[in-house]
$ cat query_7.cif   # mmCIF, C-alpha atoms
data_upload
#
loop_
_atom_site.group_PDB
_atom_site.id
_atom_site.type_symbol
_atom_site.label_atom_id
_atom_site.label_comp_id
_atom_site.auth_asym_id
_atom_site.auth_seq_id
_atom_site.Cartn_x
_atom_site.Cartn_y
_atom_site.Cartn_z
ATOM 1 C CA MET A 518 0.000 0.000 0.000
ATOM 2 C CA PRO A 519 2.606 2.662 0.885
ATOM 3 C CA ARG A 520 4.638 4.277 -1.857
ATOM 4 C CA ASN A 521 8.388 4.548 -1.353
ATOM 5 C CA ASN A 522 9.830 7.967 -0.541
ATOM 6 C CA VAL A 523 6.496 9.352 0.655
ATOM 7 C CA THR A 524 6.622 10.680 4.201
ATOM 8 C CA ASN A 525 2.925 11.218 4.863
ATOM 9 C CA GLU A 526 2.084 7.549 5.349
ATOM 10 C CA PHE A 527 1.341 6.212 8.797
ATOM 11 C CA ALA A 528 0.092 3.072 10.471
ATOM 12 C CA VAL A 529 -1.905 3.646 13.643
ATOM 13 C CA ILE A 530 -2.224 0.627 15.917
ATOM 14 C CA GLY A 531 -5.034 0.930 18.431
ATOM 15 C CA LEU A 532 -8.215 2.629 17.283
ATOM 16 C CA GLY A 533 -9.727 3.653 20.594
ATOM 17 C CA ARG A 534 -10.515 7.306 21.309
ATOM 18 C CA PHE A 535 -6.943 8.548 20.925
ATOM 19 C CA GLY A 536 -5.942 6.337 17.984
ATOM 20 C CA SER A 537 -9.109 6.949 15.987
ATOM 21 C CA SER A 538 -8.883 10.707 16.553
ATOM 22 C CA LEU A 539 -5.236 10.709 15.497
ATOM 23 C CA ALA A 540 -5.929 8.578 12.419
ATOM 24 C CA ARG A 541 -8.798 10.852 11.356
ATOM 25 C CA THR A 542 -6.651 13.943 11.842
ATOM 26 C CA LEU A 543 -3.833 12.480 9.754
ATOM 27 C CA VAL A 544 -6.275 11.618 6.944
ATOM 28 C CA SER A 545 -7.768 15.120 7.076
ATOM 29 C CA ARG A 546 -4.251 16.470 6.535
ATOM 30 C CA GLY A 547 -3.781 14.352 3.433
ATOM 31 C CA ALA A 548 -1.915 11.400 4.907
ATOM 32 C CA ILE A 549 -2.286 7.790 3.882
ATOM 33 C CA VAL A 550 -3.307 5.886 7.020
ATOM 34 C CA LEU A 551 -3.523 2.196 7.824
ATOM 35 C CA GLY A 552 -5.601 1.695 10.980
ATOM 36 C CA ILE A 553 -5.157 -1.519 12.977
ATOM 37 C CA ASP A 554 -7.071 -2.866 15.946
ATOM 38 C CA ARG A 555 -8.110 -6.191 17.490
ATOM 39 C CA SER A 556 -11.724 -5.055 17.604
ATOM 40 C CA PRO A 557 -13.710 -5.697 14.429
ATOM 41 C CA GLU A 558 -16.252 -3.101 15.593
ATOM 42 C CA LEU A 559 -13.662 -0.319 15.871
ATOM 43 C CA VAL A 560 -12.104 -1.213 12.525
ATOM 44 C CA GLN A 561 -15.510 -1.327 10.829
ATOM 45 C CA GLU A 562 -16.418 2.048 12.317
ATOM 46 C CA LEU A 563 -13.346 3.675 10.727
ATOM 47 C CA ALA A 564 -13.006 1.596 7.555
ATOM 48 C CA ASP A 565 -14.663 4.175 5.297
ATOM 49 C CA GLU A 566 -12.633 7.066 6.718
ATOM 50 C CA LEU A 567 -9.127 5.587 6.558
ATOM 51 C CA THR A 568 -7.078 4.584 3.554
ATOM 52 C CA GLN A 569 -7.042 1.007 4.834
ATOM 53 C CA ALA A 570 -8.090 -0.740 8.038
ATOM 54 C CA ALA A 571 -7.273 -4.185 9.387
ATOM 55 C CA VAL A 572 -8.367 -6.383 12.264
ATOM 56 C CA LEU A 573 -5.377 -8.177 13.761
ATOM 57 C CA ASP A 574 -3.364 -8.932 16.871
ATOM 58 C CA SER A 575 -0.551 -6.400 16.699
ATOM 59 C CA THR A 576 1.586 -8.406 19.125
ATOM 60 C CA ASN A 577 1.929 -11.055 16.397
ATOM 61 C CA GLU A 578 4.855 -10.330 14.039
ATOM 62 C CA ALA A 579 3.457 -12.588 11.317
ATOM 63 C CA ALA A 580 0.140 -10.718 11.355
ATOM 64 C CA LEU A 581 1.994 -7.404 11.071
ATOM 65 C CA ARG A 582 3.970 -8.733 8.104
ATOM 66 C CA GLU A 583 0.717 -9.757 6.401
ATOM 67 C CA VAL A 584 -0.401 -6.114 6.262
ATOM 68 C CA ASP A 585 3.041 -5.075 4.979
ATOM 69 C CA ILE A 586 3.767 -2.990 8.081
ATOM 70 C CA THR A 587 7.442 -2.786 7.105
ATOM 71 C CA SER A 588 6.489 -0.473 4.232
ATOM 72 C CA PHE A 589 5.688 2.250 6.740
ATOM 73 C CA LYS A 590 8.456 4.481 8.033
ATOM 74 C CA THR A 591 6.309 5.676 10.943
ATOM 75 C CA VAL A 592 4.036 3.514 13.065
ATOM 76 C CA ILE A 593 2.093 4.948 15.982
ATOM 77 C CA VAL A 594 1.204 2.561 18.803
ATOM 78 C CA ALA A 595 -1.914 4.112 20.341
ATOM 79 C CA ILE A 596 -2.705 1.230 22.687
ATOM 80 C CA GLY A 597 -3.290 2.811 26.065
ATOM 81 C CA SER A 598 -5.338 0.512 28.238
ATOM 82 C CA ASN A 599 -3.183 -2.597 27.831
ATOM 83 C CA PHE A 600 0.457 -1.836 28.606
ATOM 84 C CA GLU A 601 1.566 -5.388 27.845
ATOM 85 C CA ALA A 602 0.045 -5.249 24.344
ATOM 86 C CA ASN A 603 1.621 -1.809 23.829
ATOM 87 C CA LEU A 604 5.038 -3.134 24.842
ATOM 88 C CA LEU A 605 4.793 -6.393 22.852
ATOM 89 C CA THR A 606 3.628 -4.485 19.772
ATOM 90 C CA THR A 607 6.509 -2.046 20.090
ATOM 91 C CA VAL A 608 9.014 -4.898 20.423
ATOM 92 C CA ALA A 609 7.533 -6.626 17.353
ATOM 93 C CA LEU A 610 7.804 -3.402 15.348
ATOM 94 C CA ARG A 611 11.440 -2.973 16.406
ATOM 95 C CA GLU A 612 12.180 -6.560 15.401
ATOM 96 C CA LEU A 613 10.657 -5.833 12.001
ATOM 97 C CA GLY A 614 12.908 -2.792 11.572
ATOM 98 C CA ILE A 615 10.359 0.035 11.610
ATOM 99 C CA PRO A 616 12.500 3.201 11.722
ATOM 100 C CA ASN A 617 10.060 5.517 13.589
ATOM 101 C CA ILE A 618 7.872 4.095 16.331
ATOM 102 C CA ILE A 619 5.767 6.480 18.404
ATOM 103 C CA CYS A 620 4.101 4.983 21.485
ATOM 104 C CA LYS A 621 1.306 6.258 23.661
ATOM 105 C CA ALA A 622 2.281 6.343 27.345
ATOM 106 C CA LEU A 623 -0.247 6.771 30.131
ATOM 107 C CA ASN A 624 2.283 7.833 32.748
ATOM 108 C CA ILE A 625 5.912 8.825 33.239
ATOM 109 C CA ARG A 626 6.954 5.284 34.123
ATOM 110 C CA GLN A 627 5.635 3.938 30.811
ATOM 111 C CA ARG A 628 7.288 6.790 28.936
ATOM 112 C CA ASP A 629 10.731 5.902 30.230
#
$ encode --input "query_7.cif" --output "structure tokens"
Amino acid sequence: MPRNNVTNEFAVIGLGRFGSSLARTLVSRGAIVLGIDRSPELVQELADELTQAAVLDSTNEAALREVDITSFKTVIVAIGSNFEANLLTTVALRELGIPNIICKALNIRQRD
């Protein structure tokens, strides 16, 4: 899906309040956005607004490869309520070589 050398392409993992708002804002500013969440309901709700949307377990490297996540230079992990999923997703993205990973942190301890 992403085109090489284009910097306004983002994957947003976690489509709760923060992630969906961020994804919508990016699209409104002309970005290409892949939205990812475990919840089919959340993905369905945003499917018509985003460039592409996928239901998958973001802690699973194979599932991330299936949506060609490595084509994105920037991936935003907007998982807030489940720190373990946030951390495991971030580790999977690092293992896959994503150059820019931005993670939502709920407190200072998670940020560090």
$ closest_residue --input "query_7.cif" --among "A:Gly547, A:Gly552, A:Pro616, A:Pro557" --to "Ile530 (chain A)" --atoms "all atoms listed in the file"
A:Gly552
$ atom_distance --input "query_7.cif" --atom1 "CA of Leu604 (chain A)" --atom2 "CA of Asp565 (chain A)"
28.7 Å
$ resolve_selection --input "query_7.cif" --expression "the PyMOL selection byres ((chain A and resi 618) around 6)" --output "list of chain:residue names"
A:Thr591, A:Val592, A:Ile593, A:Asn617, A:Ile619
$ resolve_selection --input "query_7.cif" --expression "the PyMOL selection byres ((chain A and resi 533) around 8)" --output "mmCIF file with C-alpha atoms, in the frame of the given file"
data_model
loop_
_atom_site.group_PDB
_atom_site.id
_atom_site.type_symbol
_atom_site.label_atom_id
_atom_site.label_comp_id
_atom_site.auth_asym_id
_atom_site.auth_seq_id
_atom_site.Cartn_x
_atom_site.Cartn_y
_atom_site.Cartn_z
ATOM 1 C CA GLY A 531 -5.034 0.930 18.431
ATOM 2 C CA LEU A 532 -8.215 2.629 17.283
ATOM 3 C CA ARG A 534 -10.515 7.306 21.309
ATOM 4 C CA PHE A 535 -6.943 8.548 20.925
ATOM 5 C CA GLY A 536 -5.942 6.337 17.984
ATOM 6 C CA SER A 537 -9.109 6.949 15.987
ATOM 7 C CA LEU A 559 -13.662 -0.319 15.871
ATOM 8 C CA ALA A 595 -1.914 4.112 20.341
ATOM 9 C CA ILE A 596 -2.705 1.230 22.687
#
$ resolve_selection --input "query_7.cif" --expression "the PyMOL selection byres ((chain A and resi 550) around 9)" --output "PyMOL selection string"
chain A and resi 525-529+540-541+543-544+548-549+551-552+567-570
$ closest_residue --input "query_7.cif" --among "A:Leu613, A:Lys621, A:Ala571, A:Ala580" --to "Ile553 (chain A)" --atoms "all atoms listed in the file"
A:Ala571
$ residues_around --input "query_7.cif" --residues "Ile615 (chain A)" --least-positions-apart "5" --cutoff "7 Å" --atoms "all atoms listed in the file" --output "mmCIF file with C-alpha atoms, keeping the file's coordinate frame"
data_model
loop_
_atom_site.group_PDB
_atom_site.id
_atom_site.type_symbol
_atom_site.label_atom_id
_atom_site.label_comp_id
_atom_site.auth_asym_id
_atom_site.auth_seq_id
_atom_site.Cartn_x
_atom_site.Cartn_y
_atom_site.Cartn_z
ATOM 1 C CA THR A 587 7.442 -2.786 7.105
ATOM 2 C CA LYS A 590 8.456 4.481 8.033
ATOM 3 C CA THR A 591 6.309 5.676 10.943
ATOM 4 C CA LEU A 610 7.804 -3.402 15.348
#
$ closest_residue --input "query_7.cif" --among "A:Gln561, A:Ser545, A:Ser556, A:Gly614" --to "Ser588 (chain A)" --atoms "only C-alpha atoms"
A:Gly614
$ closest_residue --input "query_7.cif" --among "A:Glu578, A:Glu562, A:Asp554, A:Glu612" --to "Val594 (chain A)" --atoms "all atoms listed in the file"
A:Asp554
$ residues_around --input "query_7.cif" --residues "Arg555 (chain A)" --least-positions-apart "5" --cutoff "6 Å" --atoms "all atoms listed in the file" --output "list in words"
Val572, Leu573 and Asp574 of chain A
$ atom_distance --input "query_7.cif" --atom1 "CA of Leu581 (chain A)" --atom2 "CA of Arg546 (chain A)"
25.1 Å
$ atom_distance --input "query_7.cif" --atom1 "CA of Phe600 (chain A)" --atom2 "CA of Asn577 (chain A)"
15.4 Å
